[in-house]
file input.txt (compact mmCIF, C-alpha atoms)
# COMPACT_ATOMS: atom_id res chain seq x y z
CA SER S 6 6.41 -11.91 1.32
CA GLN S 7 3.98 -10.98 -1.43
CA GLN S 8 0.56 -12.45 -0.79
CA GLY S 9 -1.38 -11.15 -3.76
CA GLU S 10 -0.32 -11.57 -7.36
CA GLU S 11 -1.94 -9.43 -10.00
CA ASP S 12 -2.50 -10.49 -13.56
CA PRO S 13 -1.76 -9.13 -16.07
CA GLN S 14 1.31 -7.11 -15.14
CA ALA S 15 0.42 -4.58 -17.81
CA LEU S 16 -2.75 -3.82 -19.74
CA SER S 17 -3.28 -1.36 -22.58
CA ILE S 18 -6.79 -0.57 -23.85
CA GLN S 19 -8.70 2.10 -25.72
CA GLU S 20 -10.92 4.65 -24.02
CA GLY S 21 -14.43 3.31 -23.58
CA GLU S 22 -13.36 -0.32 -23.28
CA ASN S 23 -13.58 -2.33 -20.08
CA ALA S 24 -10.48 -3.28 -18.12
CA THR S 25 -10.25 -6.43 -16.02
CA MET S 26 -7.47 -7.16 -13.58
CA ASN S 27 -7.11 -10.30 -11.51
CA CYS S 28 -5.57 -11.04 -8.15
CA SER S 29 -4.68 -14.37 -6.62
CA TYR S 30 -3.63 -14.98 -3.05
CA LYS S 31 -2.52 -17.85 -0.86
CA THR S 32 -3.90 -17.69 2.69
CA SER S 33 -7.21 -17.07 4.44
CA ILE S 34 -8.26 -13.45 4.50
CA ASN S 35 -10.56 -11.09 6.38
CA ASN S 36 -10.94 -8.89 3.34
CA LEU S 37 -9.33 -7.94 0.06
CA GLN S 38 -8.77 -4.36 -1.01
CA TRP S 39 -7.94 -2.64 -4.28
CA TYR S 40 -5.83 0.49 -4.52
CA ARG S 41 -4.83 2.81 -7.30
CA GLN S 42 -1.53 4.63 -7.68
CA ASN S 43 -0.75 7.38 -10.12
CA SER S 44 2.90 7.45 -11.09
CA GLY S 45 5.14 8.03 -8.07
CA ARG S 46 2.31 9.14 -5.81
CA GLY S 47 0.57 7.69 -2.78
CA LEU S 48 -1.87 4.83 -3.07
CA VAL S 49 -5.56 5.62 -2.96
CA HIS S 50 -8.12 3.15 -1.67
CA LEU S 51 -10.74 2.11 -4.22
CA ILE S 52 -12.84 -0.64 -2.73
CA LEU S 53 -12.87 -3.24 0.05
CA ILE S 54 -14.62 -6.58 -0.19
CA ARG S 55 -15.00 -8.76 2.89
CA SER S 56 -14.49 -12.50 2.89
CA ASN S 57 -18.22 -13.18 3.19
CA GLU S 58 -19.04 -11.01 0.17
CA ARG S 59 -18.92 -12.16 -3.43
CA GLU S 60 -19.38 -8.97 -5.38
CA LYS S 61 -19.24 -5.25 -4.76
CA HIS S 62 -19.81 -2.17 -6.89
CA SER S 63 -18.62 1.39 -6.63
CA GLY S 64 -19.37 3.69 -9.56
CA ARG S 65 -17.63 2.19 -12.61
CA LEU S 66 -15.80 -0.37 -10.47
CA ARG S 67 -16.94 -3.92 -9.90
CA VAL S 68 -15.02 -6.30 -7.67
CA THR S 69 -15.61 -9.99 -7.25
CA LEU S 70 -14.15 -12.35 -4.69
CA ASP S 71 -13.97 -16.13 -4.87
CA THR S 72 -12.56 -17.41 -1.59
CA SER S 73 -12.66 -21.03 -2.77
CA LYS S 74 -10.28 -20.16 -5.60
CA LYS S 75 -8.49 -17.50 -3.57
CA SER S 76 -8.93 -14.97 -6.31
CA SER S 77 -10.46 -11.58 -6.98
CA SER S 78 -11.06 -9.45 -10.03
CA LEU S 79 -11.42 -5.72 -10.56
CA LEU S 80 -13.46 -4.54 -13.52
CA ILE S 81 -13.38 -0.93 -14.65
CA THR S 82 -16.15 -0.22 -17.10
CA ALA S 83 -16.15 2.44 -19.81
CA SER S 84 -12.53 3.32 -19.10
CA ARG S 85 -11.18 6.84 -19.45
CA ALA S 86 -7.67 8.16 -20.09
CA ALA S 87 -7.70 9.39 -16.47
CA ASP S 88 -7.93 5.75 -15.30
CA THR S 89 -4.32 5.27 -16.42
CA ALA S 90 -2.50 4.17 -13.26
CA SER S 91 -1.18 1.15 -11.39
CA TYR S 92 -3.72 -0.97 -9.56
CA PHE S 93 -2.84 -3.08 -6.56
CA CYS S 94 -4.71 -5.71 -4.65
CA ALA S 95 -4.02 -6.08 -0.95
CA THR S 96 -5.03 -8.89 1.35
CA ASP S 97 -5.89 -8.63 5.01
CA GLU S 98 -4.80 -12.01 6.34
CA THR S 99 -6.69 -13.71 9.16
CA SER S 100 -3.40 -14.92 10.61
CA GLY S 101 -2.13 -11.45 11.38
CA SER S 102 -2.78 -7.76 11.24
CA ARG S 103 -0.88 -6.94 8.10
CA LEU S 104 -2.14 -5.71 4.76
CA THR S 105 0.01 -7.36 2.09
CA PHE S 106 0.25 -5.96 -1.42
CA GLY S 107 0.84 -7.54 -4.78
CA GLU S 108 3.12 -6.07 -7.43
CA GLY S 109 0.34 -4.34 -9.30
CA THR S 110 -1.10 -4.07 -12.79
CA GLN S 111 -0.11 -1.10 -14.91
CA LEU S 112 -3.18 0.05 -16.82
CA THR S 113 -2.84 2.38 -19.79
CA VAL S 114 -5.99 3.79 -21.34
CA ASN S 115 -5.36 5.34 -24.73
CA PRO S 116 -7.53 8.27 -25.79
CA GLU U 16 -9.13 16.83 6.31
CA ALA U 17 -8.18 13.25 7.16
CA GLN U 18 -4.64 12.67 6.03
CA VAL U 19 -1.24 11.10 6.51
CA THR U 20 1.67 13.46 6.11
CA GLN U 21 5.31 12.63 5.51
CA ASN U 22 8.40 14.77 5.53
CA PRO U 23 10.57 15.34 3.69
CA ARG U 24 9.05 14.50 0.32
CA TYR U 25 12.43 14.32 -1.36
CA LEU U 26 15.82 13.65 0.18
CA ILE U 27 19.28 13.13 -1.23
CA THR U 28 21.91 12.06 1.27
CA VAL U 29 25.22 10.25 1.51
CA THR U 30 26.09 6.82 2.81
CA GLY U 31 26.24 6.64 6.60
CA LYS U 32 24.56 9.92 7.43
CA LYS U 33 21.69 9.25 9.82
CA LEU U 34 18.28 10.46 8.74
CA THR U 35 14.69 10.43 9.93
CA VAL U 36 11.54 10.51 7.84
CA THR U 37 8.58 11.74 9.83
CA CYS U 38 5.04 10.46 9.50
CA SER U 39 1.92 11.82 11.15
CA GLN U 40 -1.78 10.98 10.89
CA ASN U 41 -4.76 12.96 12.17
CA MET U 42 -7.36 10.16 12.18
CA ASN U 43 -6.57 8.67 15.59
CA HIS U 44 -5.70 5.36 13.94
CA GLU U 45 -4.05 2.71 16.05
CA TYR U 46 -2.30 0.92 13.20
CA MET U 47 0.55 2.53 11.28
CA SER U 48 3.13 1.09 8.93
CA TRP U 49 6.01 1.89 6.61
CA TYR U 50 6.51 0.50 3.11
CA ARG U 51 9.16 0.83 0.50
CA GLN U 52 8.37 0.61 -3.18
CA ASP U 53 10.92 -0.47 -5.76
CA PRO U 54 10.42 -1.18 -9.48
CA GLY U 55 9.42 -4.77 -10.05
CA LEU U 56 9.12 -5.51 -6.34
CA GLY U 57 5.85 -3.83 -5.45
CA LEU U 58 5.25 -2.54 -1.94
CA ARG U 59 7.14 -4.25 0.82
CA GLN U 60 6.38 -3.60 4.44
CA ILE U 61 9.31 -2.44 6.58
CA TYR U 62 7.78 -2.07 10.05
CA TYR U 63 4.33 -1.73 11.51
CA SER U 64 2.84 -0.62 14.80
CA MET U 65 -0.46 -1.77 16.26
CA ASN U 66 -0.49 0.88 18.97
CA VAL U 67 1.67 3.19 21.03
CA GLU U 68 4.91 1.52 22.13
CA VAL U 69 4.09 -1.59 20.05
CA THR U 70 6.14 -2.12 16.90
CA ASP U 71 6.95 -5.18 14.83
CA LYS U 72 9.06 -6.12 11.84
CA GLY U 73 7.61 -6.40 8.39
CA ASP U 74 9.21 -8.11 5.42
CA VAL U 75 12.29 -5.93 5.02
CA PRO U 76 13.25 -4.40 8.39
CA GLU U 77 17.05 -4.59 8.08
CA GLY U 78 18.71 -1.19 8.25
CA TYR U 79 15.65 0.60 9.62
CA LYS U 80 14.30 1.58 13.02
CA VAL U 81 10.97 2.97 14.09
CA SER U 82 9.40 4.32 17.23
CA ARG U 83 5.81 4.92 18.33
CA LYS U 84 5.82 7.21 21.33
CA GLU U 85 2.59 8.94 20.36
CA LYS U 86 -0.42 7.60 18.55
CA ARG U 87 -0.24 10.10 15.70
CA ASN U 88 3.49 9.84 14.87
CA PHE U 89 5.53 6.99 13.47
CA PRO U 90 8.99 8.12 12.33
CA LEU U 91 11.28 5.95 10.21
CA ILE U 92 14.96 6.11 11.13
CA LEU U 93 17.89 5.09 8.97
CA GLU U 94 20.87 5.02 11.31
CA SER U 95 23.46 4.43 8.57
CA PRO U 96 21.85 4.66 5.14
CA SER U 97 23.31 2.71 2.25
CA PRO U 98 22.70 3.00 -1.52
CA ASN U 99 20.43 -0.07 -1.49
CA GLN U 100 17.99 1.92 0.62
CA THR U 101 17.40 4.29 -2.25
CA SER U 102 13.68 3.92 -2.75
CA LEU U 103 10.22 5.45 -2.55
CA TYR U 104 8.87 5.23 0.99
CA PHE U 105 5.26 5.35 2.11
CA CYS U 106 3.75 5.70 5.53
CA ALA U 107 0.21 4.46 6.07
CA SER U 108 -2.41 4.19 8.79
CA ARG U 109 -5.71 2.47 9.36
CA GLU U 110 -8.21 1.43 12.00
CA GLY U 111 -9.06 -2.23 12.35
CA TYR U 112 -9.62 -4.26 9.23
CA ASN U 113 -10.54 -1.26 7.12
CA GLU U 114 -9.10 0.79 4.32
CA GLN U 115 -5.57 2.04 4.67
CA PHE U 116 -4.64 5.67 4.16
CA PHE U 117 -1.28 6.42 2.57
CA GLY U 118 0.99 9.40 2.81
CA PRO U 119 2.26 11.11 -0.36
CA GLY U 120 5.61 9.32 -0.30
CA THR U 121 9.24 10.21 0.33
CA ARG U 122 11.70 9.71 -2.46
CA LEU U 123 15.08 8.92 -0.91
CA THR U 124 18.37 8.76 -2.76
CA VAL U 125 21.47 7.55 -0.93
CA LEU U 126 24.74 8.30 -2.73
call {"tool": "encode", "arguments": {"input": "input.txt", "output": "structure tokens"}}
result
Amino acid sequence: SQQGEEDPQALSIQEGENATMNCSYKTSINNLQWYRQNSGRGLVHLILIRSNEREKHSGRLRVTLDTSKKSSSLLITASRAADTASYFCATDETSGSRLTFGEGTQLTVNP
Amino acid sequence: EAQVTQNPRYLITVTGKKLTVTCSQNMNHEYMSWYRQDPGLGLRQIYYSMNVEVTDKGDVPEGYKVSRKEKRNFPLILESPSPNQTSLYFCASREGYNEQFFGPGTRLTVL
């Protein structure tokens, strides 16, 4: 079953703008992870935020986690055409050892 | 270089002809899993393995088999493939509650 749900499903912005994607989930988690996938290729890990963390940064990426609302957001600042990809959130549930993925947000950055 | 490899990358076969997709990781990870990715359905887990000789069903295990005789290898077996198993398949591995490493994917078409 899909644990995380990303919102929006698709996002189109201009180069230089910020992109925000949201993820909601249903159960208790150890951590939440964000991945990126270029068309038809393997997923690449971007950032991991643990359940006791509220915010994390990595380069132009900023991730927040609100465990009370069971939600997370991924912000990409100063976007570039090369950021065009699908972005997935994945939750590491406390009840098991599985990493469960949402359906992803398709981000298009127009030059 | 730390990596997950899959073979073959592309495969076209016919209904009922048994096939195996190999997966190997060189990071000494205990946890390995297989996913399939279909448009509109995101990534769905087929099987996972927490260690050698330990495997368990994911969300969509029907029609698939796996084995974990060695820590580094986790092959996916389709005993009698059907057209509804046409999909993009990913193998992945990780250690503990950390980031997951994905293989490059295997695009399977069953005629």
call {"tool": "closest_atom_pairs", "arguments": {"input": "input.txt", "of": "chain S", "to": "chain U", "cutoff": "8 Å", "atoms": "only C-alpha atoms", "output": "CSV"}}
result
residue,atom,partner,partner_atom,distance
S:Ser6,CA,U:Asp74,CA,6.3
S:Gln7,CA,U:Arg59,CA,7.8
S:Asn35,CA,U:Tyr112,CA,7.5
S:Asn36,CA,U:Tyr112,CA,7.6
S:Gln38,CA,U:Glu114,CA,7.4
S:Gly45,CA,U:Gly120,CA,7.9
S:Arg46,CA,U:Pro119,CA,5.8
S:Gly47,CA,U:Pro119,CA,4.5
S:Leu48,CA,U:Phe117,CA,5.9
S:Val49,CA,U:Phe117,CA,7.0
S:His50,CA,U:Glu114,CA,6.5
S:Leu53,CA,U:Glu114,CA,7.0
S:Asp97,CA,U:Tyr112,CA,7.1
S:Ser102,CA,U:Tyr112,CA,7.9
S:Thr105,CA,U:Gln60,CA,7.8
S:Phe106,CA,U:Leu58,CA,6.1
S:Gly107,CA,U:Gly57,CA,6.3
S:Glu108,CA,U:Gly57,CA,4.0
S:Gly109,CA,U:Gly57,CA,6.7
call {"tool": "residues_near_point", "arguments": {"input": "input.txt", "point": "(-15.0, -14.3, -8.8)", "cutoff": "12 Å", "atoms": "all atoms listed in the file", "output": "list in words"}}
result
Thr25, Met26, Asn27, Cys28, Ser29, Ile54, Ser56, Glu58, Arg59, Glu60, Lys61, Arg67, Val68, Thr69, Leu70, Asp71, Thr72, Ser73, Lys74, Lys75, Ser76, Ser77, Ser78, Leu79 and Leu80 of chain S
call {"tool": "atom_distance", "arguments": {"input": "input.txt", "atom1": "CA of Leu123 in chain U", "atom2": "CA of Lys86 in chain U"}}
result
24.9 Å
call {"tool": "atom_distance", "arguments": {"input": "input.txt", "atom1": "CA of Ser102 in chain U", "atom2": "CA of Asp88 in chain S"}}
result
25.1 Å
call {"tool": "atom_distance", "arguments": {"input": "input.txt", "atom1": "CA of Tyr79 in chain U", "atom2": "CA of Ser108 in chain U"}}
result
18.4 Å
call {"tool": "closest_residue", "arguments": {"input": "input.txt", "among": "S:Leu66, S:Leu112, S:Ile52, S:Leu37", "to": "Ile81 in chain S", "atoms": "all atoms listed in the file"}}
result
S:Leu66
call {"tool": "residues_near_point", "arguments": {"input": "input.txt", "point": "(-3.4, -1.9, -11.1)", "cutoff": "7 Å", "atoms": "only C-alpha atoms", "output": "PyMOL selection string"}}
result
chain S and resi 41+90-93+109-112
call {"tool": "closest_residue", "arguments": {"input": "input.txt", "among": "S:Cys94, S:Thr89, S:Ile34, S:Arg103", "to": "Leu16 in chain S", "atoms": "only C-alpha atoms"}}
result
S:Thr89
call {"tool": "closest_residue", "arguments": {"input": "input.txt", "among": "U:Val19, U:Met47, U:Ile61, U:Val29", "to": "Ile92 in chain U", "atoms": "only C-alpha atoms"}}
result
U:Ile61
call {"tool": "residues_around", "arguments": {"input": "input.txt", "residues": "Gln19 in chain S", "least_positions_apart": "5", "cutoff": "8 Å", "atoms": "only C-alpha atoms", "output": "VMD selection string"}}
result
chain S and resid 84 114 to 116
call {"tool": "closest_residue", "arguments": {"input": "input.txt", "among": "S:Thr96, S:Ser17, S:Thr82, S:Thr113", "to": "Ser33 in chain S", "atoms": "only C-alpha atoms"}}
result
S:Thr96
call {"tool": "closest_residue", "arguments": {"input": "input.txt", "among": "U:Met42, U:Leu34, U:Leu126, U:Ala17", "to": "Asn88 in chain U", "atoms": "all atoms listed in the file"}}
result
U:Met42
call {"tool": "residues_around", "arguments": {"input": "input.txt", "residues": "Asn22 in chain U", "least_positions_apart": "3", "cutoff": "7 Å", "atoms": "only C-alpha atoms", "output": "number ranges by chain"}}
result
U: 36-38, 121
call {"tool": "closest_residue", "arguments": {"input": "input.txt", "among": "U:Gln21, U:Thr30, U:Asn66, U:Ser95", "to": "His44 in chain U", "atoms": "only C-alpha atoms"}}
result
U:Asn66
call {"tool": "decode", "arguments": {"input": "input.txt", "residues": "range 82-102 of chain S", "atoms": "N, CA, C and O atoms", "output": "PDB file, in the first residue's frame"}}
result
ATOM      1  N   THR S  82      15.408  25.496  -3.991  1.00  0.00           N
ATOM      2  CA  THR S  82      15.542  26.932  -4.249  1.00  0.00           C
ATOM      3  C   THR S  82      16.307  27.180  -5.537  1.00  0.00           C
ATOM      4  O   THR S  82      17.105  26.346  -5.983  1.00  0.00           O
ATOM      5  N   ALA S  83      16.031  28.330  -6.148  1.00  0.00           N
ATOM      6  CA  ALA S  83      16.735  28.752  -7.359  1.00  0.00           C
ATOM      7  C   ALA S  83      16.826  27.610  -8.366  1.00  0.00           C
ATOM      8  O   ALA S  83      17.921  27.185  -8.764  1.00  0.00           O
ATOM      9  N   SER S  84      15.688  27.103  -8.768  1.00  0.00           N
ATOM     10  CA  SER S  84      15.655  25.893  -9.594  1.00  0.00           C
ATOM     11  C   SER S  84      16.363  26.099 -10.940  1.00  0.00           C
ATOM     12  O   SER S  84      16.461  27.214 -11.461  1.00  0.00           O
ATOM     13  N   ARG S  85      16.815  24.982 -11.467  1.00  0.00           N
ATOM     14  CA  ARG S  85      17.519  24.948 -12.750  1.00  0.00           C
ATOM     15  C   ARG S  85      16.818  23.961 -13.675  1.00  0.00           C
ATOM     16  O   ARG S  85      16.130  23.053 -13.204  1.00  0.00           O
ATOM     17  N   ALA S  86      17.016  24.097 -14.960  1.00  0.00           N
ATOM     18  CA  ALA S  86      16.413  23.166 -15.921  1.00  0.00           C
ATOM     19  C   ALA S  86      16.821  21.719 -15.595  1.00  0.00           C
ATOM     20  O   ALA S  86      16.041  20.788 -15.778  1.00  0.00           O
ATOM     21  N   ALA S  87      18.033  21.546 -15.088  1.00  0.00           N
ATOM     22  CA  ALA S  87      18.532  20.210 -14.748  1.00  0.00           C
ATOM     23  C   ALA S  87      17.805  19.595 -13.557  1.00  0.00           C
ATOM     24  O   ALA S  87      17.967  18.394 -13.288  1.00  0.00           O
ATOM     25  N   ASP S  88      17.006  20.372 -12.839  1.00  0.00           N
ATOM     26  CA  ASP S  88      16.220  19.833 -11.718  1.00  0.00           C
ATOM     27  C   ASP S  88      14.964  19.124 -12.213  1.00  0.00           C
ATOM     28  O   ASP S  88      14.249  18.501 -11.419  1.00  0.00           O
ATOM     29  N   THR S  89      14.668  19.241 -13.492  1.00  0.00           N
ATOM     30  CA  THR S  89      13.507  18.564 -14.069  1.00  0.00           C
ATOM     31  C   THR S  89      13.622  17.068 -13.839  1.00  0.00           C
ATOM     32  O   THR S  89      14.588  16.429 -14.269  1.00  0.00           O
ATOM     33  N   ALA S  90      12.636  16.501 -13.122  1.00  0.00           N
ATOM     34  CA  ALA S  90      12.665  15.094 -12.732  1.00  0.00           C
ATOM     35  C   ALA S  90      11.399  14.796 -11.948  1.00  0.00           C
ATOM     36  O   ALA S  90      10.591  15.687 -11.684  1.00  0.00           O
ATOM     37  N   SER S  91      11.258  13.536 -11.557  1.00  0.00           N
ATOM     38  CA  SER S  91      10.203  13.156 -10.609  1.00  0.00           C
ATOM     39  C   SER S  91      10.808  13.059  -9.229  1.00  0.00           C
ATOM     40  O   SER S  91      11.942  12.571  -9.070  1.00  0.00           O
ATOM     41  N   TYR S  92      10.059  13.518  -8.246  1.00  0.00           N
ATOM     42  CA  TYR S  92      10.543  13.510  -6.860  1.00  0.00           C
ATOM     43  C   TYR S  92       9.586  12.675  -6.012  1.00  0.00           C
ATOM     44  O   TYR S  92       8.368  12.850  -6.079  1.00  0.00           O
ATOM     45  N   PHE S  93      10.172  11.769  -5.244  1.00  0.00           N
ATOM     46  CA  PHE S  93       9.387  10.847  -4.438  1.00  0.00           C
ATOM     47  C   PHE S  93       9.742  10.998  -2.965  1.00  0.00           C
ATOM     48  O   PHE S  93      10.918  11.128  -2.615  1.00  0.00           O
ATOM     49  N   CYS S  94       8.713  10.939  -2.131  1.00  0.00           N
ATOM     50  CA  CYS S  94       8.988  10.787  -0.711  1.00  0.00           C
ATOM     51  C   CYS S  94       8.821   9.318  -0.346  1.00  0.00           C
ATOM     52  O   CYS S  94       8.057   8.591  -0.987  1.00  0.00           O
ATOM     53  N   ALA S  95       9.558   8.894   0.651  1.00  0.00           N
ATOM     54  CA  ALA S  95       9.502   7.502   1.096  1.00  0.00           C
ATOM     55  C   ALA S  95       9.543   7.486   2.610  1.00  0.00           C
ATOM     56  O   ALA S  95      10.328   8.213   3.229  1.00  0.00           O
ATOM     57  N   THR S  96       8.691   6.672   3.197  1.00  0.00           N
ATOM     58  CA  THR S  96       8.617   6.628   4.653  1.00  0.00           C
ATOM     59  C   THR S  96       9.131   5.296   5.183  1.00  0.00           C
ATOM     60  O   THR S  96       8.837   4.232   4.641  1.00  0.00           O
ATOM     61  N   ASP S  97       9.902   5.405   6.225  1.00  0.00           N
ATOM     62  CA  ASP S  97      10.462   4.253   6.925  1.00  0.00           C
ATOM     63  C   ASP S  97       9.601   4.026   8.168  1.00  0.00           C
ATOM     64  O   ASP S  97       9.748   4.711   9.162  1.00  0.00           O
ATOM     65  N   GLU S  98       8.672   3.077   8.070  1.00  0.00           N
ATOM     66  CA  GLU S  98       7.678   2.917   9.124  1.00  0.00           C
ATOM     67  C   GLU S  98       8.269   2.246  10.353  1.00  0.00           C
ATOM     68  O   GLU S  98       9.097   1.349  10.260  1.00  0.00           O
ATOM     69  N   THR S  99       7.814   2.659  11.528  1.00  0.00           N
ATOM     70  CA  THR S  99       8.294   2.054  12.769  1.00  0.00           C
ATOM     71  C   THR S  99       7.764   0.638  12.925  1.00  0.00           C
ATOM     72  O   THR S  99       8.346  -0.176  13.632  1.00  0.00           O
ATOM     73  N   SER S 100       6.662   0.346  12.254  1.00  0.00           N
ATOM     74  CA  SER S 100       6.025  -0.963  12.422  1.00  0.00           C
ATOM     75  C   SER S 100       6.716  -2.060  11.644  1.00  0.00           C
ATOM     76  O   SER S 100       6.406  -3.227  11.799  1.00  0.00           O
ATOM     77  N   GLY S 101       7.614  -1.700  10.760  1.00  0.00           N
ATOM     78  CA  GLY S 101       8.255  -2.724   9.940  1.00  0.00           C
ATOM     79  C   GLY S 101       9.588  -2.263   9.425  1.00  0.00           C
ATOM     80  O   GLY S 101      10.158  -1.294   9.926  1.00  0.00           O
ATOM     81  N   SER S 102      10.097  -2.969   8.450  1.00  0.00           N
ATOM     82  CA  SER S 102      11.413  -2.630   7.930  1.00  0.00           C
ATOM     83  C   SER S 102      11.345  -2.187   6.478  1.00  0.00           C
ATOM     84  O   SER S 102      12.318  -2.240   5.763  1.00  0.00           O
TER      85      SER S 102
END
